[in-house]
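Encoded as structure tokens, the structure appears first; notes follow it.
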Amino acid sequence: MARFSVVVPAYRVQGYLRECLESVLEQSFRDLELIVVDDCSPDASAAIAGEYAERDPRVRIVRLERHGGTGAARNAGAEHAEGEFLLFLDGDDLLLPGALDAIDDALDVMADVLLFGHDRVDWWETVRPGGDRLAEGADPLAVTPAAWNRVIRRSFWVTHALRFDDGPYEDVIPVHRATLLAGERLRLLDRICVRWRLRRGGSHSTTPGRAHFAITDRYERLLGSPYGPRLFPYAMEHLLAVLADPGRIRPGDRADFFRAAARLHRTYRSAGHEPSGDAQRALAAGSYTAFETLRTANGRVRAARSAMARHKKRLRARVMKLAYRADRRRALDPHLAVYSAYWNRGPACNPLAIYEKARELAPHIKGVWVVSSRHRDKVPTGVPYVIEGSRRYWQTMARATYLINNASFPGGFVKRPGQVYLQTHHGTPLKKMGLDQRRYPAGTHGISFQKVLDHTDQWDYSLSANPHSTEIWERVYPSAYQALELGYPRNDVYFTSTAHDLARIRTSLGIEPGRKVLLYAPTHRDYQKGFLPRLDLLRLVRALGPSYVVLVRAHYFYGSSAELAAHPQILDVTGHPRVEDLCLAADALITDYSSLMFDYACLDRPVITYAPDWQAYRLARGAYFDLLSGAAGETPGAVAQTEDELIGLLRDGTWDTEETTKLREAFRARFCPYEDGRASERVVRAVFGV
């Protein structure tokens, strides 16, 4: 008997079904059966399912004699299931990597129902959180009532005669009943396991009409049961949410739907229940006029607040502009330096290394950091900073003599005569940069190249880590600045750290002595929303065995967490403040096209290129050389283009051979010629004149 029976109804989903089925079959957890229910689909859905059934014995197809809808298809799948737990997945949704492993780990022998998280993706491929709270203490009835965000023990499903209804909102009754009946045998998993697809058209949730009135019938059946009082507030919230959705309820049907919901409120409201919020109070009063007045008034209030906010913002901007103009008439402070990194995310990278060395060699220079308000918690205690856009920010920008950044300062900054601007950059260019990006519009996201040039004209110095960078920067950021070929200050730590430092870092990360540590650090893709690792990390660590630990560092564009399945050999270090520490802790780097490879080469440790989408990346963004060519000075070491190849070279030792060592030596010679542990000192002396 399989651990999981995954039931997928298939009706008019030919454009999404392959991806859905692959998301199940490619799970690192293999003990499953996949039941695809052909609901007499008029498109190629059945043929697609047939292809997968032919090549994977875990796939079975159940064919219905007539089209019955999603509920009937799910019921048929459940009747044919043989697994221990049922998981219902729609044919256009995705089971995220590692989901079944995480679900399996969260199930214990007493669990009958397990609820887990989801996110949403629209037709633009924009991924947004699902919004459910699944932390300890959360009320499971508040979780989205859907078939696809939970697993249910099959014996529990059969014992309680749970079935999906026919027609819209077919899952409301069985999922709520399962939640209520499970009681102490219900578990919550605070992890996103399913990606629910919002389609532009052709789905129930995006087709307005009176079919949505079915939800009131569903809840009436539930509210009339002994569990009604417990469910009542959540039922009212769900009804009001449907009423507020113009994609479900047409304007002409709003009054009728409100009256149906109000009747349920009046009939099943328990004694002592107090409505929460104005909308529920209007529902309790049964007054559609009051409800519409409230909705209209709220709309006017929101519009008025928005207009007031815009007015205040414009007024504040004008006041700040006038004050900034006045401050620029004051004398520059010869001892004031302003630092910023990664668009004001906090002290980091080359600017941080320069700041720390300047405190040692030029203590008369006061360094102040620019940070955005949402990143102020990243500033260490005792480090001076100003909030981006504040009055103090503009005062500081007006009077500082030195400006050090690895990206750019917020818009509106005017460089004064006498100010010295050092652009440190934050990587060696593999992908096309600056003006070269004009040939790759898919990755520019509305960049104004005139503004790029205007910013470049502010630079006095452009820091370079190698001759390759100098050549590229001067061509793609053309202006009159001076190139400083002095190396990257952030890389000094790779030459100055001791064995004691490395042991301390590993201990702080919770890595036991004797473990082999791999740092997996893929880069951002302009054509991809959200962090979607192209590597099954659970499969990787299981293949390598317990002696390995994998540190996972998602690109900072994706936030402070990679949202990985919990595993003792996988550490999510996305939010770690110093990537340099992670590099020092690692015995080898696994990356794709990240500029981290150029910095890590300073350590003279193996670099493994895992490039499953090299062709797509190069077409979308462009590259200055062929990373996979195997040529000296282009490829830093071993190369894998599939997951199996990567696991194979790690297991058989071909990731660290005489051949890969020679490739690494040539790569270091080309891209690390100035790195010796003293770049910070050279930069401080060149810029501050000490």
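Residues in the structure tokens are numbered from 1 in each chain, the chains being A, B, ... in the order shown, and ligands are numbered from 1 in the order shown.
Excluding Ser28 in chain A and any residue on its chain fewer than 4 positions from it, the residues at most 9 Å away by only C-alpha atoms are Pro97, Gly98, Ala99, Leu100, Asp101, Asp536, Leu537, Leu538 and Arg539 of chain A.
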Next on the checklist: Give me the residues near Leu141 in chain A as an MDAnalysis selection string, where near means some atom within 10 Å (using only C-alpha atoms) and where sequence neighbours in that chain fewer than 6 positions away do not count.
Outcome noted: chainID A and resid 175:176 179:180 230:231 233:235
Written selection (N, CA and C atoms) as a PDB file, in the first residue's frame:
```
ATOM      1  N   VAL A 175     -14.469  19.078   3.595  1.00  0.00           N
ATOM      2  CA  VAL A 175     -13.235  19.525   4.267  1.00  0.00           C
ATOM      3  C   VAL A 175     -13.546  20.094   5.647  1.00  0.00           C
ATOM      4  N   HIS A 176     -14.672  20.808   5.794  1.00  0.00           N
ATOM      5  CA  HIS A 176     -15.035  21.295   7.129  1.00  0.00           C
ATOM      6  C   HIS A 176     -15.415  20.128   8.040  1.00  0.00           C
ATOM      7  N   THR A 179     -12.279  18.443   9.210  1.00  0.00           N
ATOM      8  CA  THR A 179     -11.581  19.254  10.214  1.00  0.00           C
ATOM      9  C   THR A 179     -12.253  19.129  11.573  1.00  0.00           C
ATOM     10  N   LEU A 180     -13.582  19.190  11.581  1.00  0.00           N
ATOM     11  CA  LEU A 180     -14.317  19.141  12.846  1.00  0.00           C
ATOM     12  C   LEU A 180     -14.296  17.743  13.464  1.00  0.00           C
ATOM     13  N   ARG A 230     -19.704  26.278  16.289  1.00  0.00           N
ATOM     14  CA  ARG A 230     -18.241  26.372  16.168  1.00  0.00           C
ATOM     15  C   ARG A 230     -17.836  26.943  14.808  1.00  0.00           C
ATOM     16  N   LEU A 231     -18.590  26.581  13.777  1.00  0.00           N
ATOM     17  CA  LEU A 231     -18.246  26.974  12.417  1.00  0.00           C
ATOM     18  C   LEU A 231     -18.819  28.332  12.031  1.00  0.00           C
ATOM     19  N   PRO A 233     -18.865  31.681  12.748  1.00  0.00           N
ATOM     20  CA  PRO A 233     -18.143  32.912  12.355  1.00  0.00           C
ATOM     21  C   PRO A 233     -17.319  32.757  11.085  1.00  0.00           C
ATOM     22  N   TYR A 234     -16.776  31.566  10.863  1.00  0.00           N
ATOM     23  CA  TYR A 234     -15.965  31.355   9.663  1.00  0.00           C
ATOM     24  C   TYR A 234     -16.852  31.237   8.426  1.00  0.00           C
ATOM     25  N   ALA A 235     -18.049  30.669   8.602  1.00  0.00           N
ATOM     26  CA  ALA A 235     -18.989  30.604   7.488  1.00  0.00           C
ATOM     27  C   ALA A 235     -19.390  32.007   7.051  1.00  0.00           C
TER      28      ALA A 235
END
```
Next on the checklist: Give me, as a PyMOL selection string, the residues of range 255-473 of chain A that a backbone DSSP run labels strand (DSSP E).
Outcome noted: chain A and resi 333-340+366-371+385-387+400-405+420-423+461-464
Checklist entry - For Leu34 in chain A, which residue out of A:Asp56, A:Glu292, A:Glu474, A:Glu19 is the nearest one, using only C-alpha atoms? => result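 When distances to Leu34 in chain A are compared using only C-alpha atoms, the smallest one comes from A:Asp56.
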Next on the checklist: Between A:Gly130, A:Gly117, A:Gly69, A:Gly137, which residue has the minimum interatomic distance to Val151 in chain A, considering only C-alpha atoms?
Outcome noted: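 Using only C-alpha atoms, the shortest distance to Val151 in chain A belongs to A:Gly117.
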Next on the checklist: List as number ranges by chain the protein and nucleic acid residues near range 378-387 of chain A, meaning an atom at most 12 Å away when only C-alpha atoms are counted, but skip any in the same chain fewer than 6 places from it.
Outcome noted: A: 336-341, 344-348, 352, 355-356, 359, 366-372, 393-397, 409-410, 560, 575-578
Next on the checklist: I'd like the neighbourhood of range 319-333 of chain A as an MDAnalysis selection string, where a residue qualifies if any of its atoms comes within 6 Å (using only C-alpha atoms), though same-chain residues fewer than 3 positions away should be ignored.
Outcome noted: chainID A and resid 316 336 394 398:401
Checklist entry - Restricting the calculation to only C-alpha atoms, which member of A:Arg254, A:Arg218, A:Arg128, A:His468 is positioned closest to Thr428 in chain A? => result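 Closest to Thr428 in chain A of all the choices is A:His468.
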Next on the checklist: I want to know what sits within 8 Å of Tyr477 in chain A, based on only C-alpha atoms, with residues of the same chain fewer than 2 positions away left out; could you give that as a ChimeraX atom specification?
Outcome noted: /A:434-435,452-453,456,473-475,479
Item to check | Shell of 6 Å around range 155-164 of chain A, only C-alpha atoms, local chain residues under 4 positions omitted, as a list in words | outcome: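 The filter keeps Gly71, Glu170, Asp171 and Pro174 of chain A.
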Next on the checklist: Taking only C-alpha atoms into account, name the residue in A:Asp599, A:Asp112, A:Asp139, A:Asp676 that is nearest to Ala178 in chain A.
Outcome noted: A:Asp112
Item to check | Spatial neighbours of range 204-214 of chain A, max dist 7 Å, only C-alpha atoms, sep filter under 5 positions, as a ChimeraX atom specification | outcome: /A:168-169,247-250,257
Item to check | Residue among A:Ala521, A:Val683, A:Cys20, A:Ile152 lying closest to Arg185 in chain A, counting only C-alpha atoms | outcome: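 Smallest separation from Arg185 in chain A among the options: A:Ile152.
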Next on the checklist: So that I can check the secondary structure, give me every residue of range 51-297 of chain A assigned alpha helix (DSSP H) by backbone DSSP, as number ranges by chain.
Outcome noted: A: 51-55, 70-80, 99-106, 154-159, 172-182, 214-223, 228-243, 254-268, 278-285, 288-297
Checklist entry - Do you have the CA of Leu502 in chain A-CA of Leu650 in chain A distance handy? => result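 Result for CA of Leu502 in chain A versus CA of Leu650 in chain A: 22.9 Å, one decimal.
Shortest separation to Leu134 in chain A among A:His524, A:Arg150, A:Lys357, A:Arg3 occurs at residue A:Arg150, atoms counted being only C-alpha atoms.
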